[in-house]
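What follows is run24.csv (CSV, C-alpha atoms).
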```
chain,number,residue,atom,x,y,z
A,1,MET,CA,174.7,-119.7,120.3
A,2,LYS,CA,176.2,-118.0,123.3
A,3,ILE,CA,173.9,-116.6,126.0
A,4,SER,CA,174.8,-114.9,129.2
A,5,VAL,CA,172.7,-115.7,132.3
A,6,ALA,CA,172.9,-113.4,135.3
A,7,TYR,CA,171.7,-114.3,138.7
A,8,HIS,CA,170.3,-112.2,141.5
A,9,ALA,CA,169.6,-112.4,145.2
A,10,GLN,CA,169.0,-115.9,146.5
A,11,ILE,CA,169.7,-117.4,143.1
A,12,ARG,CA,173.1,-115.7,142.9
A,13,LEU,CA,173.9,-116.9,146.4
A,14,ALA,CA,173.0,-120.5,145.5
A,15,ALA,CA,174.8,-120.4,142.2
A,16,GLY,CA,178.0,-119.0,143.8
A,17,VAL,CA,178.7,-116.9,140.7
A,18,ASP,CA,177.2,-113.7,139.4
A,19,GLN,CA,176.6,-115.1,135.9
A,20,ASP,CA,177.3,-117.8,133.4
A,21,LEU,CA,178.0,-117.9,129.7
A,22,VAL,CA,176.2,-120.8,128.2
A,23,GLU,CA,176.1,-122.4,124.8
A,24,ILE,CA,172.6,-123.5,123.6
A,25,PRO,CA,171.2,-124.5,120.2
A,26,ASP,CA,170.0,-121.9,117.9
A,27,GLY,CA,166.3,-121.3,118.6
A,28,GLY,CA,166.8,-122.0,122.3
A,29,THR,CA,164.5,-120.4,124.8
A,30,ALA,CA,165.0,-118.4,128.0
A,31,VAL,CA,164.2,-121.4,130.1
A,32,SER,CA,166.5,-123.7,128.1
A,33,ALA,CA,169.4,-121.3,128.9
A,34,LEU,CA,168.6,-121.9,132.6
A,35,ARG,CA,168.5,-125.6,132.1
A,36,ALA,CA,172.0,-125.5,130.5
A,37,VAL,CA,173.6,-124.5,133.8
A,38,SER,CA,174.1,-126.6,136.9
A,39,HIS,CA,174.9,-125.2,140.3
A,40,GLY,CA,173.6,-127.9,142.7
A,41,ALA,CA,170.4,-128.9,144.3
A,42,GLU,CA,169.6,-125.7,146.1
A,43,PHE,CA,170.0,-123.6,142.9
A,44,THR,CA,167.8,-126.0,141.0
A,45,ALA,CA,165.1,-126.1,143.7
A,46,LEU,CA,164.9,-122.3,143.7
A,47,LEU,CA,164.2,-122.2,140.0
A,48,PHE,CA,162.2,-125.4,139.2
A,49,ASP,CA,159.5,-127.3,140.9
A,50,GLU,CA,159.4,-131.0,141.5
A,51,GLN,CA,158.0,-131.5,138.0
A,52,GLY,CA,160.8,-129.6,136.4
A,53,ARG,CA,158.7,-126.5,135.6
A,54,LEU,CA,160.1,-123.0,136.1
A,55,ARG,CA,158.5,-121.7,139.3
A,56,PRO,CA,155.9,-119.0,138.5
A,57,VAL,CA,157.6,-116.6,141.0
A,58,ILE,CA,160.8,-116.5,139.0
A,59,LEU,CA,161.1,-113.4,136.9
A,60,LEU,CA,163.0,-113.9,133.6
A,61,VAL,CA,164.3,-110.8,131.9
A,62,VAL,CA,166.0,-110.7,128.5
A,63,ASN,CA,167.8,-107.6,127.6
A,64,ASP,CA,165.9,-105.7,130.3
A,65,VAL,CA,162.5,-106.9,129.2
A,66,PRO,CA,160.5,-109.6,131.1
A,67,VAL,CA,159.7,-112.6,129.1
A,68,GLU,CA,157.8,-115.9,129.3
A,69,PRO,CA,160.0,-119.0,129.7
A,70,ASP,CA,159.5,-120.1,126.1
A,71,GLN,CA,160.8,-116.8,124.7
A,72,ALA,CA,163.1,-117.6,121.8
A,73,LEU,CA,166.6,-116.1,122.2
A,74,GLN,CA,169.0,-114.5,119.8
A,75,PRO,CA,172.8,-114.9,119.9
A,76,GLY,CA,174.3,-112.5,122.4
A,77,ASP,CA,171.1,-112.1,124.4
A,78,LYS,CA,171.4,-111.4,128.1
A,79,VAL,CA,169.2,-113.3,130.4
A,80,ALA,CA,168.7,-112.2,134.0
A,81,VAL,CA,167.0,-114.3,136.6
A,82,PHE,CA,165.3,-112.7,139.6
A,83,SER,CA,163.8,-114.6,142.6
A,84,PRO,CA,161.3,-113.1,145.0
A,85,VAL,CA,162.6,-110.9,147.8
A,86,ALA,CA,160.8,-109.3,150.7
A,87,GLY,CA,161.5,-106.8,153.4
A,88,GLY,CA,163.8,-106.5,156.4
B,89,MET,CA,142.4,-79.1,155.5
B,90,ILE,CA,144.5,-78.3,158.5
B,91,GLN,CA,146.9,-75.5,157.6
B,92,LEU,CA,150.6,-75.2,158.5
B,93,THR,CA,151.7,-73.6,161.8
B,94,PRO,CA,154.4,-70.9,161.8
B,95,GLU,CA,156.8,-73.6,163.2
B,96,GLU,CA,156.0,-76.0,160.4
B,97,LYS,CA,156.6,-73.2,157.8
B,98,ALA,CA,160.0,-72.8,159.3
B,99,VAL,CA,160.8,-76.5,159.4
B,100,TYR,CA,159.7,-77.2,155.9
B,101,GLU,CA,160.9,-74.0,154.3
B,102,TRP,CA,163.5,-75.6,152.1
B,103,GLN,CA,161.2,-78.4,151.2
B,104,MET,CA,158.5,-76.0,150.0
B,105,TRP,CA,161.0,-74.5,147.6
B,106,ILE,CA,160.6,-77.7,145.6
B,107,GLU,CA,158.3,-76.4,142.9
B,108,GLU,CA,156.0,-79.4,142.9
B,109,ILE,CA,155.6,-79.3,146.6
B,110,GLY,CA,155.2,-75.7,147.7
B,111,GLU,CA,153.0,-74.7,150.6
B,112,ALA,CA,150.0,-76.4,149.0
B,113,GLY,CA,151.8,-79.7,148.8
B,114,GLN,CA,153.1,-79.4,152.3
B,115,VAL,CA,149.6,-78.8,153.6
B,116,LYS,CA,148.5,-81.9,151.6
B,117,LEU,CA,151.2,-84.0,153.3
B,118,LYS,CA,150.2,-82.7,156.7
B,119,ASN,CA,146.7,-84.0,156.0
B,120,SER,CA,147.8,-87.3,154.6
B,121,ALA,CA,148.1,-90.7,156.4
B,122,ALA,CA,150.3,-93.7,155.6
B,123,LEU,CA,150.5,-97.3,156.8
B,124,VAL,CA,154.1,-98.7,157.1
B,125,SER,CA,154.6,-102.3,158.0
B,126,ARG,CA,156.9,-103.5,159.2
B,127,CYS,CA,159.2,-100.7,160.6
B,128,GLY,CA,162.5,-102.5,160.5
B,129,GLY,CA,165.4,-102.1,158.0
B,130,LEU,CA,163.2,-100.9,155.2
B,131,GLY,CA,160.2,-99.6,157.1
B,132,GLY,CA,162.3,-97.7,159.7
B,133,PRO,CA,164.0,-95.4,157.2
B,134,ILE,CA,160.6,-95.1,155.3
B,135,CYS,CA,159.0,-93.9,158.5
B,136,TYR,CA,161.9,-91.5,159.2
B,137,HIS,CA,161.6,-89.9,155.7
B,138,LEU,CA,157.9,-89.5,155.9
B,139,ALA,CA,158.0,-88.1,159.4
B,140,SER,CA,160.8,-85.7,158.5
B,141,ALA,CA,158.9,-84.6,155.4
B,142,GLY,CA,155.9,-83.7,157.5
B,143,ILE,CA,153.3,-86.4,156.9
B,144,GLY,CA,150.4,-85.9,159.3
B,145,THR,CA,149.7,-89.5,160.4
B,146,LEU,CA,151.6,-92.7,160.4
B,147,ALA,CA,149.9,-96.0,161.1
B,148,LEU,CA,152.6,-98.4,162.1
B,149,ALA,CA,152.3,-102.2,162.5
B,150,HIS,CA,155.3,-104.1,164.0
B,151,GLY,CA,155.2,-106.7,166.8
B,152,GLY,CA,157.7,-108.1,169.1
B,153,ASN,CA,160.7,-106.9,171.1
B,154,VAL,CA,164.0,-105.4,169.8
B,155,GLN,CA,166.7,-108.0,169.1
B,156,PRO,CA,170.4,-107.3,168.9
B,157,SER,CA,170.4,-108.4,165.2
B,158,ASP,CA,167.9,-105.6,164.5
B,159,LEU,CA,170.5,-102.9,165.2
B,160,ASN,CA,172.6,-103.0,162.1
B,161,ARG,CA,169.8,-101.6,160.0
B,162,GLN,CA,166.6,-100.8,162.0
B,163,ILE,CA,167.2,-97.1,162.7
B,164,LEU,CA,164.2,-96.8,164.9
B,165,MET,CA,165.4,-99.4,167.3
B,166,THR,CA,168.0,-98.4,169.9
B,167,HIS,CA,170.5,-100.3,172.0
B,168,ASP,CA,168.8,-99.4,175.2
B,169,SER,CA,165.6,-100.9,173.8
B,170,VAL,CA,167.0,-104.5,173.3
B,171,GLY,CA,164.5,-106.8,174.9
B,172,LYS,CA,161.8,-104.2,175.0
B,173,SER,CA,158.8,-103.4,172.8
B,174,ARG,CA,159.8,-102.5,169.2
B,175,MET,CA,156.8,-100.2,168.9
B,176,ASP,CA,157.8,-98.2,171.9
B,177,SER,CA,161.2,-97.6,170.4
B,178,ILE,CA,159.7,-96.8,167.0
B,179,ARG,CA,157.2,-94.3,168.5
B,180,ARG,CA,159.9,-92.6,170.7
B,181,ARG,CA,162.4,-92.2,167.8
B,182,LEU,CA,159.8,-90.9,165.4
B,183,LEU,CA,158.5,-88.3,167.8
B,184,ASP,CA,162.1,-87.2,168.3
B,185,TYR,CA,162.2,-86.5,164.6
B,186,ASN,CA,158.8,-84.9,164.4
B,187,PRO,CA,156.9,-84.2,167.6
B,188,ARG,CA,153.9,-83.1,165.7
B,189,LEU,CA,153.4,-86.5,164.1
B,190,ASN,CA,150.2,-88.4,164.8
B,191,ILE,CA,151.1,-92.0,165.3
B,192,VAL,CA,148.7,-94.9,165.3
B,193,ALA,CA,150.9,-97.5,167.0
B,194,VAL,CA,150.0,-101.2,166.5
B,195,PRO,CA,152.4,-103.5,168.4
B,196,GLU,CA,151.6,-106.4,166.1
B,197,ASN,CA,152.4,-107.5,162.6
B,198,ILE,CA,149.9,-107.4,159.8
B,199,THR,CA,147.3,-110.1,160.1
B,200,GLU,CA,144.0,-111.0,158.5
B,201,THR,CA,142.3,-109.5,161.6
B,202,ASN,CA,143.9,-106.0,161.5
B,203,VAL,CA,144.7,-105.3,157.8
B,204,ALA,CA,141.4,-104.0,156.6
B,205,ALA,CA,141.0,-101.5,159.4
B,206,LEU,CA,144.6,-100.3,159.1
B,207,VAL,CA,144.4,-99.8,155.3
B,208,LYS,CA,141.0,-98.1,155.6
B,209,GLN,CA,142.4,-95.3,157.8
B,210,VAL,CA,145.3,-94.3,155.4
B,211,ASP,CA,145.8,-92.8,152.0
B,212,ILE,CA,148.8,-95.0,151.0
B,213,VAL,CA,150.5,-98.2,152.2
B,214,PHE,CA,154.2,-99.0,152.3
B,215,ASP,CA,155.0,-102.7,152.2
B,216,ALA,CA,158.2,-103.3,154.1
B,217,ALA,CA,157.4,-106.7,155.6
B,218,PRO,CA,159.8,-109.6,155.7
B,219,LEU,CA,157.1,-112.3,155.2
B,220,PHE,CA,155.1,-112.8,152.1
B,221,GLN,CA,152.0,-113.7,154.0
B,222,GLU,CA,151.9,-110.1,155.4
B,223,ARG,CA,152.8,-108.7,152.0
B,224,PHE,CA,150.0,-110.5,150.3
B,225,LEU,CA,147.5,-109.4,153.0
B,226,MET,CA,148.4,-105.7,152.4
B,227,ASN,CA,148.3,-106.2,148.7
B,228,GLY,CA,144.9,-107.8,148.7
B,229,GLU,CA,143.5,-105.1,150.9
B,230,CYS,CA,145.0,-102.3,148.9
B,231,VAL,CA,143.4,-103.7,145.8
B,232,ARG,CA,140.1,-104.1,147.5
B,233,GLN,CA,140.2,-100.6,148.9
B,234,ALA,CA,141.9,-99.1,145.8
B,235,LYS,CA,144.8,-97.7,147.8
B,236,PRO,CA,148.2,-97.3,146.3
B,237,MET,CA,151.0,-99.5,147.7
B,238,ILE,CA,154.7,-98.8,147.5
B,239,GLU,CA,156.5,-102.1,147.5
B,240,ALA,CA,160.1,-102.3,148.7
B,241,ALA,CA,162.3,-105.4,149.2
B,242,ILE,CA,165.9,-106.3,149.7
B,243,PHE,CA,168.4,-109.2,149.9
B,244,GLY,CA,172.1,-108.8,150.6
B,245,MET,CA,173.4,-105.9,148.6
B,246,GLU,CA,170.4,-105.9,146.2
B,247,GLY,CA,167.1,-104.1,146.4
B,248,GLN,CA,164.0,-103.3,144.5
B,249,VAL,CA,161.1,-100.9,144.6
B,250,THR,CA,157.9,-100.5,142.6
B,251,THR,CA,154.6,-98.7,142.9
B,252,PHE,CA,151.3,-100.5,142.7
B,253,LEU,CA,148.3,-98.5,141.7
B,254,PRO,CA,145.1,-100.7,141.9
B,255,GLY,CA,143.4,-101.0,138.5
B,256,LYS,CA,146.3,-99.5,136.7
B,257,THR,CA,149.4,-101.5,137.4
B,258,PRO,CA,150.3,-105.1,138.3
B,259,CYS,CA,149.8,-106.0,141.9
B,260,LEU,CA,152.0,-108.1,144.1
B,261,ALA,CA,150.2,-111.3,143.1
B,262,CYS,CA,150.8,-110.5,139.4
B,263,LEU,CA,154.5,-110.4,140.2
B,264,TYR,CA,154.4,-113.4,142.5
B,265,PRO,CA,151.5,-115.7,141.7
B,266,GLU,CA,152.2,-118.0,144.6
B,267,THR,CA,153.9,-117.7,148.0
B,268,PRO,CA,157.6,-118.1,147.2
B,269,PRO,CA,158.5,-121.5,148.7
B,270,HIS,CA,162.1,-120.7,149.5
B,271,TRP,CA,162.0,-117.3,151.0
B,272,LYS,CA,163.6,-117.3,154.5
B,273,ARG,CA,162.7,-114.9,157.3
B,274,GLN,CA,166.4,-114.3,158.0
B,275,PHE,CA,168.6,-113.1,155.1
B,276,PRO,CA,171.9,-111.3,154.5
B,277,VAL,CA,171.6,-107.5,154.8
B,278,LEU,CA,173.8,-104.4,155.1
B,279,GLY,CA,171.9,-101.5,156.6
B,280,ALA,CA,172.8,-99.0,153.9
B,281,VAL,CA,171.0,-101.2,151.3
B,282,PRO,CA,167.5,-101.2,152.7
B,283,ALA,CA,168.1,-97.5,153.4
B,284,ILE,CA,168.6,-96.9,149.6
B,285,ALA,CA,165.4,-98.8,148.9
B,286,ALA,CA,163.6,-97.1,151.7
B,287,SER,CA,164.6,-93.6,150.5
B,288,VAL,CA,163.4,-94.5,147.0
B,289,ALA,CA,160.1,-95.8,148.4
B,290,ALA,CA,159.5,-92.7,150.6
B,291,ALA,CA,160.1,-90.4,147.7
B,292,GLU,CA,157.8,-92.5,145.5
B,293,GLY,CA,155.1,-92.4,148.2
B,294,ILE,CA,155.3,-88.6,148.6
B,295,LYS,CA,155.1,-88.2,144.8
B,296,VAL,CA,152.0,-90.4,144.7
B,297,LEU,CA,150.4,-88.5,147.6
B,298,LEU,CA,151.1,-85.1,146.0
B,299,GLY,CA,150.5,-86.2,142.4
B,300,PHE,CA,153.7,-85.2,140.7
B,301,GLY,CA,156.6,-86.6,138.9
B,302,GLU,CA,157.1,-89.9,137.1
B,303,THR,CA,156.5,-92.8,139.5
B,304,LEU,CA,157.6,-96.4,139.4
B,305,ALA,CA,154.1,-97.5,138.4
B,306,GLY,CA,154.5,-100.4,136.1
B,307,THR,CA,158.2,-100.5,136.6
B,308,LEU,CA,160.4,-102.5,139.0
B,309,LEU,CA,163.4,-100.5,139.9
B,310,TYR,CA,166.2,-103.0,140.8
B,311,PHE,CA,169.6,-102.1,142.1
B,312,ASP,CA,172.8,-103.9,143.1
B,313,ALA,CA,174.8,-101.9,145.5
B,314,ARG,CA,177.9,-104.0,144.8
B,315,THR,CA,178.1,-102.3,141.3
B,316,MET,CA,175.7,-99.4,141.9
B,317,ARG,CA,173.9,-100.5,138.8
B,318,PHE,CA,170.3,-99.5,138.7
B,319,GLN,CA,167.9,-101.3,136.3
B,320,ARG,CA,164.3,-100.4,135.3
B,321,ILE,CA,162.3,-103.5,134.5
B,322,PRO,CA,158.7,-103.1,133.0
B,323,ILE,CA,156.2,-105.3,134.8
B,324,ARG,CA,152.8,-106.3,133.5
B,325,ARG,CA,149.4,-107.2,135.0
B,326,ARG,CA,148.4,-110.8,134.7
B,327,PRO,CA,145.0,-111.0,133.0
B,328,ASP,CA,144.2,-114.0,135.2
B,329,CYS,CA,145.5,-112.5,138.5
B,330,PRO,CA,143.2,-113.9,141.3
B,331,VAL,CA,143.6,-110.6,143.1
B,332,CYS,CA,143.4,-107.7,140.7
B,333,ALA,CA,142.1,-109.2,137.4
B,334,THR,CA,139.6,-107.0,135.6
B,335,GLY,CA,136.3,-106.9,137.5
B,336,LYS,CA,137.9,-107.5,140.9
B,337,VAL,CA,139.1,-103.9,141.3
```
What does the file become when written as structure tokens?
Amino acid sequence: MKISVAYHAQIRLAAGVDQDLVEIPDGGTAVSALRAVSHGAEFTALLFDEQGRLRPVILLVVNDVPVEPDQALQPGDKVAVFSPVAGG
Amino acid sequence: MIQLTPEEKAVYEWQMWIEEIGEAGQVKLKNSAALVSRCGGLGGPICYHLASAGIGTLALAHGGNVQPSDLNRQILMTHDSVGKSRMDSIRRRLLDYNPRLNIVAVPENITETNVAALVKQVDIVFDAAPLFQERFLMNGECVRQAKPMIEAAIFGMEGQVTTFLPGKTPCLACLYPETPPHWKRQFPVLGAVPAIAASVAAAEGIKVLLGFGETLAGTLLYFDARTMRFQRIPIRRRPDCPVCATGKV
């Protein structure tokens, strides 16, 4: 199924694109949609720790609702990925 | 409660026409105190809006000297202050906006040593710090002292604001359960973007102080100034949050 994945802040900068359209198996999860893209080591390091787990500071949002990484997706779902940001 | 002077009634006349503020709300603002840290791209406009709205006291924590790279966004820092104390510039600029303002000026950033005393003397905290260590200190102290905290943050053309009410909403540690390992002190920023987030934060804080309107409690307001798209994201408390879990507040 096709899933859009949109990036924000540091993640968007590391990805070099605003979003991707990925193809994942039916029953795929929010985190599996993220694993389906590849934008280099910095991008990966922002999202995943050394054990390959999604960092707990990453906010995953599906159709404007925060979800756990193992949230099952439906075709056409829109995943948004937010990294922590601070002040200035 | 300290009442308004004739001068203040003239200055805040149009503001008191806002039904939810009125003279009673203006008096309440005058008798309110807020902590803002730091007072840069986000905190500076927050301070400006609070000062201009007639808040009685601002406790301000920001260390160091003005740098040239501050000047594209830190509206309380001036060109003639480069190399000089940031807090001196902040204080001078704010008193230009509101000479009646009571300022508690602390020329240092939030630390474990000063955070408790600073939070104790105010009614509300505005988190505008660039480092998560400072943010977590303010968050922890606000939870301990049951003080509301307005959380503002930016990166590039994007920003976000939320309102933390201890015991009712998530806290910062619910949102970020660990110190983000890849956050850098220096980041891309256009001054108008923290100004948007700061204006939202100031309005939120005034609403919380005066008890009106629908706040961003439990909601992360995210915006992207590239597209001017604003998004409201519901956020939840973590039942196992080490800072605000049930029983700790």
request  = Find the residues near stretch 40-57 of chain A: any atom within 7 Å, counting only C-alpha atoms, skip ones fewer than 6 places away on the same chain, and give them as a list in words.
outcome  = Ile11, Ala14, Ala15, Ser83 and Pro84 of chain A; Leu263, Tyr264, Pro265, Glu266, Pro268 and His270 of chain B
Compile a residue-level contact table for chain A against chain B at a cut-off of 6 Å, reporting for every qualifying residue the shortest atom pair and its distance in Å to one decimal, with all atoms listed in the file counted, rows ordered by chain and ascending number, as JSON lines.
```
{"residue": "A:Ala9", "atom": "CA", "partner": "B:Phe243", "partner_atom": "CA", "distance": 5.8}
{"residue": "A:Val57", "atom": "CA", "partner": "B:Tyr264", "partner_atom": "CA", "distance": 4.8}
{"residue": "A:Asp64", "atom": "CA", "partner": "B:Ile321", "partner_atom": "CA", "distance": 6.0}
{"residue": "A:Val85", "atom": "CA", "partner": "B:Ala241", "partner_atom": "CA", "distance": 5.7}
{"residue": "A:Ala86", "atom": "CA", "partner": "B:Ala241", "partner_atom": "CA", "distance": 4.4}
{"residue": "A:Gly87", "atom": "CA", "partner": "B:Pro218", "partner_atom": "CA", "distance": 4.0}
{"residue": "A:Gly88", "atom": "CA", "partner": "B:Gly129", "partner_atom": "CA", "distance": 4.9}
```
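Residue nearest B:Thr145 within the list B:Thr303, B:Gln209, B:Thr166, B:Ser287: B:Gln209 [criterion: smallest interatomic distance, all atoms listed in the file].
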task = Tell me which of B:Leu278, B:Gly144, B:Lys235, B:Lys116 sits closest to B:Ser157, counting all atoms listed in the file.
result = B:Leu278
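From atom CA of A:Ile58 back to atom CA of A:Val81, the distance works out to 7.0 Å.
The shortest atom-to-atom distance to B:Pro258, with all atoms listed in the file taken into account, belongs to B:Pro330 out of B:Gly113, B:Pro187, B:Gly301, B:Pro330.
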ask   = Please, what distance in Å, to one decimal, runs between atom CA of B:Gln221 and atom CA of B:Leu206?
value = 16.1 Å
inquiry  = One number please: atom CA of B:Leu117 to atom CA of B:Thr251, in Å, one decimal.
reply    =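 Between atom CA of B:Leu117 and atom CA of B:Thr251 the gap is 18.3 Å.
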inquiry  = Taking (139.0, -105.9, 147.8) as a centre in this file's frame and 12 Å as the limit, can you find every polymer residue with an atom that close, using all atoms listed in the file, and give them as a count of residues only?
reply    = 24
request  = Write out as a ChimeraX atom specification which residues come within 7 Å of A:Asp18 when counting all atoms listed in the file, dropping same-chain ones fewer than 2 positions away.
outcome  = /A:6-7,12,16
task = Just the residues within 12 Å of A:Asp20, please, counting only C-alpha atoms, with nothing from its chain fewer than 4 positions along; format it as a PyMOL selection string.
result = chain A and resi 2-7+12+15-16+33-39+78-81
request  = Please determine the residues with any atom at most 12 Å from (159.4, -76.1, 150.6) (coordinates as given in the file, with only C-alpha atoms counting) and report them as a PyMOL selection string.
outcome  = chain B and resi 92+96-115+117+141-142
inquiry  = Which residues are close to stretch 190-199 of chain B, i.e. within 6 Å by only C-alpha atoms, leaving aside same-chain residues fewer than 5 positions away? Reply as number ranges by chain.
reply    = B: 145-151, 175, 222
request  = Extract, using only C-alpha atoms, all DNA, RNA and protein residues at most 8 Å from B:Asn186, discarding same-chain residues fewer than 3 positions from it, and format them as a count of residues only.
outcome  = 6
task = Go through A:Met1, A:Gln10, A:Gln74, A:Glu68 one by one, measure the shortest atom-to-atom distance of each to A:Glu23 using only C-alpha atoms, and give the residue with the smallest value.
result =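 Nearest to A:Glu23: A:Met1.
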